[in-house]
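Working notes for the structure below.
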Amino acid sequence: MMLEFTFTSWGFWAAFAGVLLVLVGWQRVMPPRLQQSWVRQALLLAFSLGFYCLVGGELVLLLIASIAVHWGLTQIMWAQVGTLRRLLLGTTVTFHLVVLGVFKYAYFVAESLPGTALQATLQAWRLDAWMLPVGISFYTFQAISHAIDVHRGTLDRPTSLLPLATYITFFPQLVAGPIVRAKQFLPQLDAPLWTTPRQDDARHVRLILGGFLKKLVLGDLVGAWLVDPVFDRPAEWVSWEVLLALYGYSLQVYADFSGYTDMAKGMAGLLGITLPDNFKFPYRATSPSDFWRRWHITLSQWWKDYVYIPLGGNRRFSVLSAACVALSLGAGMVAWGELGGVLLMSGAALLGVAAVLMSPRLHAKLATAVNVMMVMLLGGLWHGAHLNFVTWGALNGAVLVLWILWPFRVQTGWARFIGWVFTFHTVVLARIWFRAGSLISWNESTAAPHPEHAWATAQLLWSQLGQAIPDPFDQVWSPTYAAGLGLLVLGYALHWMPDVARSWIQKQTTSSPLWVTWLLWCTATVLALWCSLSYPKPFIYWQF
């Protein structure tokens, strides 16, 4: 992993400027026969593979091999019907999941099966000691969505190899999304204009600048000054400091990830490609379901379209979701271990089945709850092969299930406020397990893919929250801690700013000349150099 080649490094922006110059110059200088769409696709693919070589090294070969196998299978699938078509879809999805599983979950499986031959085999391979291929979770999901869309006939024609490879490797969103659908992306590759119209340049540059500042100021500095000290030494901090660190981390992960998305959208826009929105002020959400419609929108939509609805959605139990309920009940009986407990759980299960058969409305509500919980557990596991991430997914799933079974109406002002307080704080508190299970720096994966004692750290911080609250005025605040608190207040104030004030600020900024924006971008670049030297931090979602 070459940390210096990221969206906040001098080298990357020099390379991106070269990409723009080549594309603009090529279309202006070359004869028409060399300005066809395949030439543009080839140039974008070359730049994207070069970018991945610099951030992922030799693992670019894995990316290329995955694309080649995927293309071959989907080409055959397109020409088939019936059972063979479904079989080829299953083969394609299985191939991508196996590749993802081998590199991302080998360590998790090995640790879960101590003393077995499988553990010895996985540890002998030591794939967990490799750096996780950058962006593998994201480009795997894009490839799976493309395969399913081919099977469903969503695409108008089979995708040839060059546009498919360009779609999967497109460098602005390759390593952390947004997750783009093929039907939205592929037609843009055939556009006659290779870069954005000149009148849109300022908007895209401002997107990049805004994302830049989000990442560096509200992300990296808040993380370094307010969050990292607490998670590095959890026993040394009192309850309100732990809570402030959790508020800080929620701001950090939002600023880091949405900042990346803004930069990706801005760069793609300058290259003539429109990427979908990925965030919509998530901390304004007034219910748990509202939050997940605003946070990481493209991933939430992916889970809905390709997992939640096939499981039965909000209408029914599928065979898979019913089987998962049965397995969970069986595991609960085994864990209980007493005859009385087994009989009690069996009776409750039979009563539940009878109630579901007698009441279609109850059937739909319970099916919704079960399917939502399954998706959230899978979402936690997608983020990382660690008990902490599964716990994070289970906690968020439990909150969603509670809201489904006992809905809280949020039409009135006070009800909306209560819903917002509940939603915001359940999201913030659940992130104890998320942050404790995440990498702090890339070199931690040399022995294992997650920090040591992650589970114990989360438990300790949770217990710290329940302690008596000391007087904050008795504490001695360092200058950096005080500055971190100031940035925390600033970040949330900007997030919760009224729409009227936000529109006024946007109007003032968009009316300024483009050269002013470029000057601000240069200033931000200097700030980036200082931050990267003083507080070097990779993008949080690059590790997933």
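Here's how to read the names in the structure tokens: chain A, B, ... by the order shown, residue numbers from 1 in each chain, ligand numbers from 1 in the order shown.
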
Residues of region 343-522 of chain A classed as alpha helix (DSSP H) by DSSP on the backbone are to be reported as a compact mmCIF listing (two decimals) with N, CA and C atoms, in the first residue's frame.
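In the end it all went to part-v9.txt:
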# COMPACT_ATOMS: atom_id res chain seq x y z
N LEU A 343 -38.25 -26.81 25.59
CA LEU A 343 -39.70 -26.90 25.43
C LEU A 343 -40.32 -25.51 25.34
N LEU A 344 -39.80 -24.57 26.13
CA LEU A 344 -40.34 -23.21 26.11
C LEU A 344 -40.12 -22.56 24.74
N MET A 345 -38.90 -22.70 24.20
CA MET A 345 -38.61 -22.11 22.90
C MET A 345 -39.38 -22.80 21.79
N SER A 346 -39.56 -24.12 21.90
CA SER A 346 -40.33 -24.85 20.90
C SER A 346 -41.78 -24.40 20.90
N GLY A 347 -42.34 -24.24 22.10
CA GLY A 347 -43.72 -23.77 22.19
C GLY A 347 -43.89 -22.38 21.63
N ALA A 348 -42.95 -21.50 21.94
CA ALA A 348 -43.02 -20.14 21.42
C ALA A 348 -42.91 -20.14 19.90
N ALA A 349 -42.06 -21.00 19.35
CA ALA A 349 -41.91 -21.08 17.90
C ALA A 349 -43.20 -21.56 17.24
N LEU A 350 -43.84 -22.57 17.82
CA LEU A 350 -45.10 -23.07 17.26
C LEU A 350 -46.20 -22.02 17.32
N LEU A 351 -46.26 -21.28 18.44
CA LEU A 351 -47.24 -20.21 18.54
C LEU A 351 -46.97 -19.13 17.50
N GLY A 352 -45.70 -18.82 17.28
CA GLY A 352 -45.36 -17.83 16.27
C GLY A 352 -45.77 -18.27 14.88
N VAL A 353 -45.54 -19.55 14.55
CA VAL A 353 -45.94 -20.07 13.24
C VAL A 353 -47.45 -19.99 13.07
N ALA A 354 -48.18 -20.36 14.12
CA ALA A 354 -49.64 -20.31 14.05
C ALA A 354 -50.13 -18.88 13.85
N ALA A 355 -49.52 -17.93 14.58
CA ALA A 355 -49.93 -16.53 14.45
C ALA A 355 -49.65 -16.00 13.06
N VAL A 356 -48.52 -16.39 12.49
CA VAL A 356 -48.17 -15.94 11.15
C VAL A 356 -49.15 -16.48 10.12
N LEU A 357 -49.54 -17.75 10.27
CA LEU A 357 -50.48 -18.36 9.33
C LEU A 357 -51.88 -17.75 9.43
N MET A 358 -52.25 -17.30 10.64
CA MET A 358 -53.59 -16.77 10.84
C MET A 358 -53.71 -15.29 10.50
N PRO A 360 -52.14 -12.38 8.06
CA PRO A 360 -51.23 -11.90 7.01
C PRO A 360 -50.49 -10.63 7.41
N ARG A 361 -51.14 -9.75 8.17
CA ARG A 361 -50.48 -8.51 8.58
C ARG A 361 -49.31 -8.79 9.51
N LEU A 362 -49.53 -9.71 10.47
CA LEU A 362 -48.44 -10.09 11.37
C LEU A 362 -47.33 -10.79 10.61
N HIS A 363 -47.73 -11.63 9.64
CA HIS A 363 -46.74 -12.32 8.80
C HIS A 363 -45.83 -11.30 8.12
N ALA A 364 -46.41 -10.27 7.51
CA ALA A 364 -45.62 -9.27 6.81
C ALA A 364 -44.70 -8.51 7.76
N LYS A 365 -45.21 -8.17 8.95
CA LYS A 365 -44.39 -7.41 9.90
C LYS A 365 -43.22 -8.24 10.42
N LEU A 366 -43.48 -9.50 10.77
CA LEU A 366 -42.39 -10.35 11.26
C LEU A 366 -41.39 -10.66 10.14
N ALA A 367 -41.89 -10.85 8.92
CA ALA A 367 -40.98 -11.10 7.80
C ALA A 367 -40.09 -9.89 7.56
N THR A 368 -40.67 -8.70 7.65
CA THR A 368 -39.88 -7.48 7.49
C THR A 368 -38.79 -7.41 8.54
N ALA A 369 -39.15 -7.71 9.81
CA ALA A 369 -38.17 -7.64 10.89
C ALA A 369 -37.04 -8.64 10.68
N VAL A 370 -37.39 -9.87 10.31
CA VAL A 370 -36.36 -10.91 10.12
C VAL A 370 -35.46 -10.56 8.93
N ASN A 371 -36.06 -10.15 7.83
CA ASN A 371 -35.26 -9.84 6.64
C ASN A 371 -34.36 -8.63 6.86
N VAL A 372 -34.86 -7.64 7.59
CA VAL A 372 -34.03 -6.47 7.92
C VAL A 372 -32.85 -6.89 8.79
N MET A 373 -33.12 -7.72 9.80
CA MET A 373 -32.02 -8.16 10.68
C MET A 373 -30.97 -8.94 9.90
N MET A 374 -31.40 -9.80 8.98
CA MET A 374 -30.43 -10.55 8.18
C MET A 374 -29.56 -9.62 7.34
N VAL A 375 -30.18 -8.62 6.73
CA VAL A 375 -29.41 -7.67 5.91
C VAL A 375 -28.42 -6.90 6.77
N MET A 376 -28.83 -6.47 7.96
CA MET A 376 -27.93 -5.70 8.82
C MET A 376 -26.77 -6.56 9.32
N LEU A 377 -27.03 -7.83 9.62
CA LEU A 377 -25.93 -8.71 10.01
C LEU A 377 -24.94 -8.91 8.86
N LEU A 378 -25.48 -9.11 7.66
CA LEU A 378 -24.61 -9.23 6.49
C LEU A 378 -23.85 -7.92 6.25
N GLY A 379 -24.54 -6.78 6.48
CA GLY A 379 -23.87 -5.49 6.31
C GLY A 379 -22.73 -5.32 7.31
N GLY A 380 -22.92 -5.77 8.54
CA GLY A 380 -21.83 -5.70 9.51
C GLY A 380 -20.66 -6.57 9.08
N LEU A 381 -20.96 -7.78 8.62
CA LEU A 381 -19.90 -8.68 8.17
C LEU A 381 -19.22 -8.16 6.93
N TRP A 382 -19.95 -7.47 6.05
CA TRP A 382 -19.35 -6.88 4.85
C TRP A 382 -18.29 -5.85 5.23
N HIS A 383 -18.53 -5.09 6.30
CA HIS A 383 -17.56 -4.08 6.71
C HIS A 383 -16.27 -4.70 7.24
N LEU A 387 -15.83 -9.94 15.07
CA LEU A 387 -17.01 -9.96 15.93
C LEU A 387 -17.53 -8.55 16.20
N ASN A 388 -16.64 -7.58 16.24
CA ASN A 388 -17.08 -6.20 16.49
C ASN A 388 -18.04 -5.71 15.41
N PHE A 389 -17.74 -6.01 14.14
CA PHE A 389 -18.59 -5.54 13.06
C PHE A 389 -19.93 -6.29 13.03
N VAL A 390 -19.89 -7.58 13.37
CA VAL A 390 -21.14 -8.33 13.47
C VAL A 390 -22.00 -7.75 14.59
N THR A 391 -21.37 -7.42 15.72
CA THR A 391 -22.10 -6.80 16.83
C THR A 391 -22.69 -5.46 16.41
N TRP A 392 -21.90 -4.65 15.71
CA TRP A 392 -22.39 -3.36 15.21
C TRP A 392 -23.60 -3.55 14.31
N GLY A 393 -23.54 -4.51 13.41
CA GLY A 393 -24.68 -4.78 12.54
C GLY A 393 -25.89 -5.27 13.32
N ALA A 394 -25.65 -6.14 14.33
CA ALA A 394 -26.76 -6.66 15.13
C ALA A 394 -27.44 -5.55 15.93
N LEU A 395 -26.66 -4.63 16.48
CA LEU A 395 -27.24 -3.54 17.25
C LEU A 395 -28.10 -2.63 16.37
N ASN A 396 -27.58 -2.26 15.21
CA ASN A 396 -28.37 -1.44 14.29
C ASN A 396 -29.59 -2.19 13.79
N GLY A 397 -29.44 -3.50 13.56
CA GLY A 397 -30.58 -4.30 13.14
C GLY A 397 -31.64 -4.37 14.23
N ALA A 398 -31.21 -4.51 15.50
CA ALA A 398 -32.17 -4.58 16.61
C ALA A 398 -32.96 -3.29 16.72
N VAL A 399 -32.30 -2.16 16.52
CA VAL A 399 -33.00 -0.87 16.59
C VAL A 399 -34.03 -0.77 15.46
N LEU A 400 -33.65 -1.20 14.25
CA LEU A 400 -34.59 -1.18 13.13
C LEU A 400 -35.78 -2.11 13.38
N VAL A 401 -35.50 -3.29 13.93
CA VAL A 401 -36.58 -4.24 14.24
C VAL A 401 -37.52 -3.66 15.28
N LEU A 402 -36.96 -3.03 16.32
CA LEU A 402 -37.79 -2.38 17.33
C LEU A 402 -38.71 -1.34 16.70
N TRP A 403 -38.16 -0.56 15.78
CA TRP A 403 -38.96 0.47 15.12
C TRP A 403 -40.05 -0.14 14.23
N ILE A 404 -39.76 -1.30 13.64
CA ILE A 404 -40.74 -1.99 12.80
C ILE A 404 -41.88 -2.55 13.64
N LEU A 405 -41.53 -3.20 14.75
CA LEU A 405 -42.54 -3.85 15.58
C LEU A 405 -43.32 -2.86 16.43
N GLY A 413 -43.89 18.08 15.74
CA GLY A 413 -42.56 18.60 15.99
C GLY A 413 -41.84 17.89 17.11
N TRP A 414 -42.52 17.72 18.25
CA TRP A 414 -41.87 17.06 19.38
C TRP A 414 -41.56 15.60 19.07
N ALA A 415 -42.48 14.94 18.39
CA ALA A 415 -42.24 13.54 18.04
C ALA A 415 -41.03 13.41 17.11
N ARG A 416 -40.89 14.32 16.17
CA ARG A 416 -39.74 14.30 15.27
C ARG A 416 -38.46 14.53 16.05
N PHE A 417 -38.51 15.44 17.03
CA PHE A 417 -37.32 15.69 17.84
C PHE A 417 -36.94 14.45 18.65
N ILE A 418 -37.92 13.80 19.27
CA ILE A 418 -37.63 12.59 20.04
C ILE A 418 -37.09 11.50 19.12
N GLY A 419 -37.69 11.36 17.92
CA GLY A 419 -37.20 10.38 16.97
C GLY A 419 -35.77 10.67 16.54
N TRP A 420 -35.46 11.96 16.36
CA TRP A 420 -34.09 12.33 15.98
C TRP A 420 -33.11 12.01 17.10
N VAL A 421 -33.44 12.36 18.35
CA VAL A 421 -32.54 12.09 19.49
C VAL A 421 -32.29 10.59 19.60
N PHE A 422 -33.34 9.80 19.50
CA PHE A 422 -33.20 8.34 19.61
C PHE A 422 -32.33 7.80 18.48
N THR A 423 -32.62 8.21 17.25
CA THR A 423 -31.88 7.70 16.09
C THR A 423 -30.42 8.09 16.14
N PHE A 424 -30.15 9.36 16.40
CA PHE A 424 -28.77 9.85 16.40
C PHE A 424 -27.93 9.13 17.45
N HIS A 425 -28.48 8.97 18.64
CA HIS A 425 -27.67 8.39 19.72
C HIS A 425 -27.53 6.87 19.60
N THR A 426 -28.50 6.19 19.03
CA THR A 426 -28.28 4.76 18.79
C THR A 426 -27.20 4.54 17.73
N VAL A 427 -27.17 5.40 16.71
CA VAL A 427 -26.12 5.31 15.70
C VAL A 427 -24.75 5.59 16.32
N VAL A 428 -24.68 6.64 17.15
CA VAL A 428 -23.41 7.05 17.76
C VAL A 428 -22.90 5.97 18.71
N LEU A 429 -23.77 5.44 19.57
CA LEU A 429 -23.33 4.47 20.58
C LEU A 429 -22.93 3.15 19.94
N ALA A 430 -23.64 2.72 18.90
CA ALA A 430 -23.28 1.46 18.24
C ALA A 430 -21.90 1.54 17.61
N ARG A 431 -21.42 2.74 17.33
CA ARG A 431 -20.12 2.87 16.66
C ARG A 431 -18.95 2.61 17.60
N ILE A 432 -19.19 2.37 18.87
CA ILE A 432 -18.11 1.90 19.74
C ILE A 432 -17.49 0.65 19.13
N TRP A 433 -18.33 -0.29 18.71
CA TRP A 433 -17.81 -1.55 18.17
C TRP A 433 -17.23 -1.35 16.79
N PHE A 434 -17.78 -0.46 16.02
CA PHE A 434 -17.26 -0.20 14.68
C PHE A 434 -15.85 0.38 14.75
N ARG A 435 -15.67 1.39 15.55
CA ARG A 435 -14.36 2.05 15.64
C ARG A 435 -13.32 1.16 16.30
N ALA A 436 -13.72 0.43 17.33
CA ALA A 436 -12.75 -0.44 18.01
C ALA A 436 -12.29 -1.58 17.12
N ALA A 454 -9.77 -5.67 20.21
CA ALA A 454 -10.84 -4.79 19.74
C ALA A 454 -12.12 -4.99 20.54
N TRP A 455 -12.47 -6.24 20.80
CA TRP A 455 -13.68 -6.52 21.56
C TRP A 455 -13.56 -6.00 22.99
N ALA A 456 -12.41 -6.23 23.59
CA ALA A 456 -12.21 -5.75 24.97
C ALA A 456 -12.22 -4.23 25.03
N THR A 457 -11.67 -3.58 24.02
CA THR A 457 -11.69 -2.11 23.99
C THR A 457 -13.12 -1.59 23.95
N ALA A 458 -13.94 -2.19 23.10
CA ALA A 458 -15.34 -1.76 23.00
C ALA A 458 -16.08 -1.98 24.30
N GLN A 459 -15.87 -3.12 24.93
CA GLN A 459 -16.53 -3.39 26.21
C GLN A 459 -16.10 -2.41 27.29
N LEU A 460 -14.80 -2.11 27.33
CA LEU A 460 -14.30 -1.18 28.35
C LEU A 460 -14.89 0.21 28.14
N LEU A 461 -14.93 0.68 26.90
CA LEU A 461 -15.49 2.00 26.64
C LEU A 461 -16.98 2.04 26.98
N TRP A 462 -17.68 0.96 26.71
CA TRP A 462 -19.10 0.90 27.06
C TRP A 462 -19.29 1.00 28.57
N SER A 463 -18.44 0.29 29.30
CA SER A 463 -18.54 0.36 30.77
C SER A 463 -18.15 1.75 31.28
N GLN A 464 -17.21 2.40 30.60
CA GLN A 464 -16.83 3.75 31.00
C GLN A 464 -18.00 4.73 30.89
N LEU A 465 -18.87 4.51 29.90
CA LEU A 465 -20.01 5.39 29.73
C LEU A 465 -20.97 5.35 30.91
N PRO A 479 -4.35 21.98 24.34
CA PRO A 479 -4.77 22.84 23.23
C PRO A 479 -5.37 22.07 22.06
N THR A 480 -4.80 20.91 21.74
CA THR A 480 -5.33 20.14 20.62
C THR A 480 -6.70 19.57 20.96
N TYR A 481 -6.91 19.16 22.21
CA TYR A 481 -8.23 18.64 22.60
C TYR A 481 -9.28 19.74 22.51
N ALA A 482 -8.94 20.92 22.98
CA ALA A 482 -9.86 22.06 22.89
C ALA A 482 -10.16 22.40 21.43
N ALA A 483 -9.12 22.35 20.59
CA ALA A 483 -9.33 22.61 19.16
C ALA A 483 -10.23 21.54 18.55
N GLY A 484 -10.06 20.29 18.98
CA GLY A 484 -10.91 19.21 18.49
C GLY A 484 -12.36 19.43 18.87
N LEU A 485 -12.61 19.91 20.08
CA LEU A 485 -13.98 20.23 20.50
C LEU A 485 -14.57 21.34 19.64
N GLY A 486 -13.75 22.35 19.33
CA GLY A 486 -14.22 23.43 18.48
C GLY A 486 -14.61 22.93 17.10
N LEU A 487 -13.78 22.05 16.51
CA LEU A 487 -14.10 21.50 15.20
C LEU A 487 -15.34 20.60 15.27
N LEU A 488 -15.51 19.91 16.40
CA LEU A 488 -16.71 19.08 16.57
C LEU A 488 -17.97 19.93 16.50
N VAL A 489 -17.96 21.03 17.23
CA VAL A 489 -19.12 21.94 17.22
C VAL A 489 -19.33 22.51 15.82
N LEU A 490 -18.24 22.92 15.16
CA LEU A 490 -18.35 23.48 13.82
C LEU A 490 -18.92 22.46 12.84
N GLY A 491 -18.44 21.23 12.91
CA GLY A 491 -18.89 20.20 11.97
C GLY A 491 -20.37 19.91 12.09
N TYR A 492 -20.86 19.74 13.32
CA TYR A 492 -22.28 19.46 13.49
C TYR A 492 -23.13 20.69 13.19
N ALA A 493 -22.61 21.88 13.46
CA ALA A 493 -23.36 23.09 13.13
C ALA A 493 -23.55 23.19 11.62
N LEU A 494 -22.52 22.87 10.84
CA LEU A 494 -22.64 22.89 9.39
C LEU A 494 -23.62 21.82 8.90
N HIS A 495 -23.60 20.66 9.56
CA HIS A 495 -24.48 19.57 9.15
C HIS A 495 -25.94 19.89 9.43
N ASP A 499 -31.75 24.86 5.93
CA ASP A 499 -31.62 24.84 4.48
C ASP A 499 -31.56 26.24 3.88
N VAL A 500 -32.26 27.18 4.52
CA VAL A 500 -32.25 28.56 4.01
C VAL A 500 -30.84 29.14 4.08
N ALA A 501 -30.18 28.95 5.22
CA ALA A 501 -28.81 29.45 5.38
C ALA A 501 -27.86 28.73 4.44
N ARG A 502 -28.06 27.43 4.26
CA ARG A 502 -27.19 26.67 3.36
C ARG A 502 -27.34 27.15 1.92
N SER A 503 -28.57 27.41 1.52
CA SER A 503 -28.80 27.89 0.15
C SER A 503 -28.16 29.26 -0.07
N TRP A 504 -28.22 30.11 0.95
CA TRP A 504 -27.60 31.44 0.83
C TRP A 504 -26.09 31.32 0.67
N ILE A 505 -25.47 30.45 1.47
CA ILE A 505 -24.01 30.27 1.39
C ILE A 505 -23.63 29.70 0.02
N GLN A 506 -24.39 28.72 -0.46
CA GLN A 506 -24.09 28.14 -1.76
C GLN A 506 -24.22 29.16 -2.87
N LYS A 507 -25.21 30.03 -2.74
CA LYS A 507 -25.40 31.06 -3.75
C LYS A 507 -24.21 32.01 -3.78
N GLN A 508 -23.70 32.36 -2.58
CA GLN A 508 -22.55 33.26 -2.53
C GLN A 508 -21.30 32.61 -3.11
N THR A 509 -21.11 31.33 -2.82
CA THR A 509 -19.90 30.65 -3.31
C THR A 509 -19.97 30.39 -4.81
N THR A 510 -21.15 30.06 -5.32
CA THR A 510 -21.25 29.76 -6.75
C THR A 510 -21.15 31.01 -7.61
N LEU A 514 -14.29 31.43 -11.11
CA LEU A 514 -13.64 30.13 -11.01
C LEU A 514 -12.23 30.25 -10.45
N TRP A 515 -11.52 31.37 -10.75
CA TRP A 515 -10.14 31.49 -10.27
C TRP A 515 -10.09 31.55 -8.75
N VAL A 516 -11.15 32.08 -8.12
CA VAL A 516 -11.20 32.10 -6.66
C VAL A 516 -11.28 30.67 -6.12
N THR A 517 -12.09 29.84 -6.78
CA THR A 517 -12.20 28.44 -6.36
C THR A 517 -10.87 27.72 -6.51
N TRP A 518 -10.19 27.96 -7.64
CA TRP A 518 -8.88 27.33 -7.82
C TRP A 518 -7.88 27.82 -6.77
N LEU A 519 -7.95 29.07 -6.36
CA LEU A 519 -7.08 29.59 -5.32
C LEU A 519 -7.35 28.89 -3.99
N LEU A 520 -8.64 28.72 -3.69
CA LEU A 520 -8.99 28.01 -2.46
C LEU A 520 -8.52 26.56 -2.51
N TRP A 521 -8.59 25.97 -3.71
CA TRP A 521 -8.13 24.59 -3.86
C TRP A 521 -6.63 24.51 -3.60
N CYS A 522 -5.88 25.46 -4.09
CA CYS A 522 -4.43 25.47 -3.83
C CYS A 522 -4.15 25.63 -2.33

Need to verify the contact set: Leu63 (chain A), 10 Å, only C-alpha atoms, exclusion of same-chain residues closer than 6 positions in sequence. Can you return it as a ChimeraX atom specification?
/A:49,52,56,133-136,139-140,165,168-169

Atom-to-atom span, CA of Leu23 (chain A) and CA of Gly11 (chain A), Å:
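According to the coordinates, CA of Leu23 (chain A) and CA of Gly11 (chain A) are separated by 18.7 Å.
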
Within 10 Å of Leu186 (chain A) using only C-alpha atoms, minus same-chain residues under 6 positions, as a PyMOL selection string
chain A and resi 155+159+163-164+166-167+180+273

Given only C-alpha atoms as the basis, pick out the residue of A:Asp262, A:Asp290, A:Glu452, A:Asp149 nearest to Ile208 (chain A).
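Using only C-alpha atoms, Ile208 (chain A) sits closest to A:Asp262.
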
Close residues, Trp302 (chain A) itself excluded, 9 Å, only C-alpha atoms, min 4 positions apart in chain, as a PDB file with N, CA and C atoms, in the first residue's frame:
ATOM      1  N   PHE A 141     -19.153  -5.900  -5.346  1.00  0.00           N
ATOM      2  CA  PHE A 141     -20.590  -5.620  -5.377  1.00  0.00           C
ATOM      3  C   PHE A 141     -21.019  -5.040  -6.729  1.00  0.00           C
ATOM      4  N   SER A 145     -23.755  -6.882  -9.079  1.00  0.00           N
ATOM      5  CA  SER A 145     -24.950  -6.187  -9.573  1.00  0.00           C
ATOM      6  C   SER A 145     -25.014  -6.253 -11.099  1.00  0.00           C
ATOM      7  N   ILE A 179     -21.319   2.970  -5.150  1.00  0.00           N
ATOM      8  CA  ILE A 179     -21.544   1.770  -5.949  1.00  0.00           C
ATOM      9  C   ILE A 179     -22.488   2.148  -7.088  1.00  0.00           C
ATOM     10  N   ILE A 297     -26.013   5.730   0.593  1.00  0.00           N
ATOM     11  CA  ILE A 297     -27.261   5.457  -0.107  1.00  0.00           C
ATOM     12  C   ILE A 297     -27.094   4.350  -1.140  1.00  0.00           C
ATOM     13  N   THR A 298     -26.008   4.361  -1.878  1.00  0.00           N
ATOM     14  CA  THR A 298     -25.844   3.370  -2.947  1.00  0.00           C
ATOM     15  C   THR A 298     -25.677   1.962  -2.385  1.00  0.00           C
ATOM     16  N   TYR A 306     -30.803  -6.310  -4.186  1.00  0.00           N
ATOM     17  CA  TYR A 306     -30.197  -7.602  -4.500  1.00  0.00           C
ATOM     18  C   TYR A 306     -30.210  -8.605  -3.344  1.00  0.00           C
ATOM     19  N   VAL A 307     -30.593  -8.181  -2.145  1.00  0.00           N
ATOM     20  CA  VAL A 307     -30.647  -9.099  -1.005  1.00  0.00           C
ATOM     21  C   VAL A 307     -31.998  -9.027  -0.300  1.00  0.00           C
ATOM     22  N   TYR A 308     -32.399  -7.832   0.137  1.00  0.00           N
ATOM     23  CA  TYR A 308     -33.604  -7.692   0.954  1.00  0.00           C
ATOM     24  C   TYR A 308     -34.859  -8.125   0.197  1.00  0.00           C
TER      25      TYR A 308
END

How close does each residue of region 227-279 of chain A get to region 193-205 of chain A, giving the shortest atom pair and distance in Å to one decimal for every residue with an atom at most 9 Å away, counting only C-alpha atoms, sorted by chain and residue number, as a tab-separated table?
residue	atom	partner	partner_atom	distance
A:Asp262	CA	A:His204	CA	8.9
A:Met263	CA	A:His204	CA	8.5
A:Lys265	CA	A:His204	CA	7.4
A:Gly266	CA	A:His204	CA	4.2
A:Met267	CA	A:His204	CA	7.0
A:Ala268	CA	A:His204	CA	8.5
A:Gly269	CA	A:His204	CA	6.0
A:Leu270	CA	A:Thr196	CA	4.9
A:Leu271	CA	A:Thr195	CA	4.3
A:Gly272	CA	A:Thr195	CA	4.1
A:Ile273	CA	A:Thr196	CA	7.8

Take the residues from that selection and put them in a file with N, CA and C atoms, as a short mmCIF file (atom, residue, chain, number, x, y, z; two decimals), in the first residue's frame.
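The file below, part-v2.cif, is the result:
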data_model
loop_
_atom_site.label_atom_id
_atom_site.label_comp_id
_atom_site.auth_asym_id
_atom_site.auth_seq_id
_atom_site.Cartn_x
_atom_site.Cartn_y
_atom_site.Cartn_z
N ASP A 262 -17.60 13.20 -2.27
CA ASP A 262 -17.64 14.49 -2.96
C ASP A 262 -16.47 14.63 -3.93
N MET A 263 -15.29 14.23 -3.50
CA MET A 263 -14.14 14.31 -4.40
C MET A 263 -14.31 13.38 -5.60
N LYS A 265 -17.16 12.38 -6.94
CA LYS A 265 -18.16 12.96 -7.82
C LYS A 265 -17.58 14.14 -8.61
N GLY A 266 -16.77 14.96 -7.94
CA GLY A 266 -16.16 16.10 -8.63
C GLY A 266 -15.20 15.67 -9.71
N MET A 267 -14.33 14.69 -9.40
CA MET A 267 -13.38 14.22 -10.41
C MET A 267 -14.10 13.54 -11.57
N ALA A 268 -15.08 12.69 -11.24
CA ALA A 268 -15.83 12.03 -12.30
C ALA A 268 -16.55 13.06 -13.17
N GLY A 269 -17.08 14.11 -12.56
CA GLY A 269 -17.76 15.15 -13.31
C GLY A 269 -16.83 15.84 -14.28
N LEU A 270 -15.61 16.14 -13.83
CA LEU A 270 -14.63 16.75 -14.73
C LEU A 270 -14.27 15.83 -15.89
N LEU A 271 -14.43 14.52 -15.67
CA LEU A 271 -14.15 13.55 -16.73
C LEU A 271 -15.40 13.21 -17.53
N GLY A 272 -16.50 13.92 -17.29
CA GLY A 272 -17.72 13.72 -18.07
C GLY A 272 -18.60 12.58 -17.58
N ILE A 273 -18.40 12.11 -16.33
CA ILE A 273 -19.18 11.00 -15.78
C ILE A 273 -19.94 11.49 -14.55
#

Selection: 7 Å around Leu226 (chain A), only C-alpha atoms, excl. self and same-chain fewer than 3 positions, as a PyMOL selection string
chain A and resi 222-223+229+245+248+481+484

Those residues with N, CA and C atoms, as a short mmCIF file (atom, residue, chain, number, x, y, z; two decimals), in the first residue's frame please?
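As a result, again18.cif now contains:
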data_model
loop_
_atom_site.label_atom_id
_atom_site.label_comp_id
_atom_site.auth_asym_id
_atom_site.auth_seq_id
_atom_site.Cartn_x
_atom_site.Cartn_y
_atom_site.Cartn_z
N VAL A 222 -10.22 16.05 13.70
CA VAL A 222 -11.11 15.61 14.79
C VAL A 222 -10.72 14.21 15.25
N GLY A 223 -10.38 13.34 14.30
CA GLY A 223 -9.95 12.00 14.68
C GLY A 223 -8.68 12.00 15.49
N PRO A 229 -7.05 9.46 20.87
CA PRO A 229 -6.55 9.30 22.23
C PRO A 229 -7.44 8.45 23.11
N ALA A 245 -15.84 11.54 22.40
CA ALA A 245 -15.07 10.82 21.38
C ALA A 245 -15.99 10.09 20.40
N GLY A 248 -17.35 12.59 18.19
CA GLY A 248 -16.27 12.95 17.27
C GLY A 248 -16.08 11.91 16.19
N TYR A 481 -6.91 19.16 22.21
CA TYR A 481 -8.23 18.64 22.60
C TYR A 481 -9.28 19.74 22.51
N GLY A 484 -10.06 20.29 18.98
CA GLY A 484 -10.91 19.21 18.49
C GLY A 484 -12.36 19.43 18.87
#

CA of Val526 (chain A) and CA of Gly18 (chain A) are how many Å apart?
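Result for CA of Val526 (chain A) versus CA of Gly18 (chain A): 19.5 Å, one decimal.
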
Could you tell me how far CA of Tyr541 (chain A) sits from CA of Gln173 (chain A), in Å to one decimal place?
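So the two atoms, CA of Gln173 (chain A) and CA of Tyr541 (chain A), lie 11.4 Å apart.
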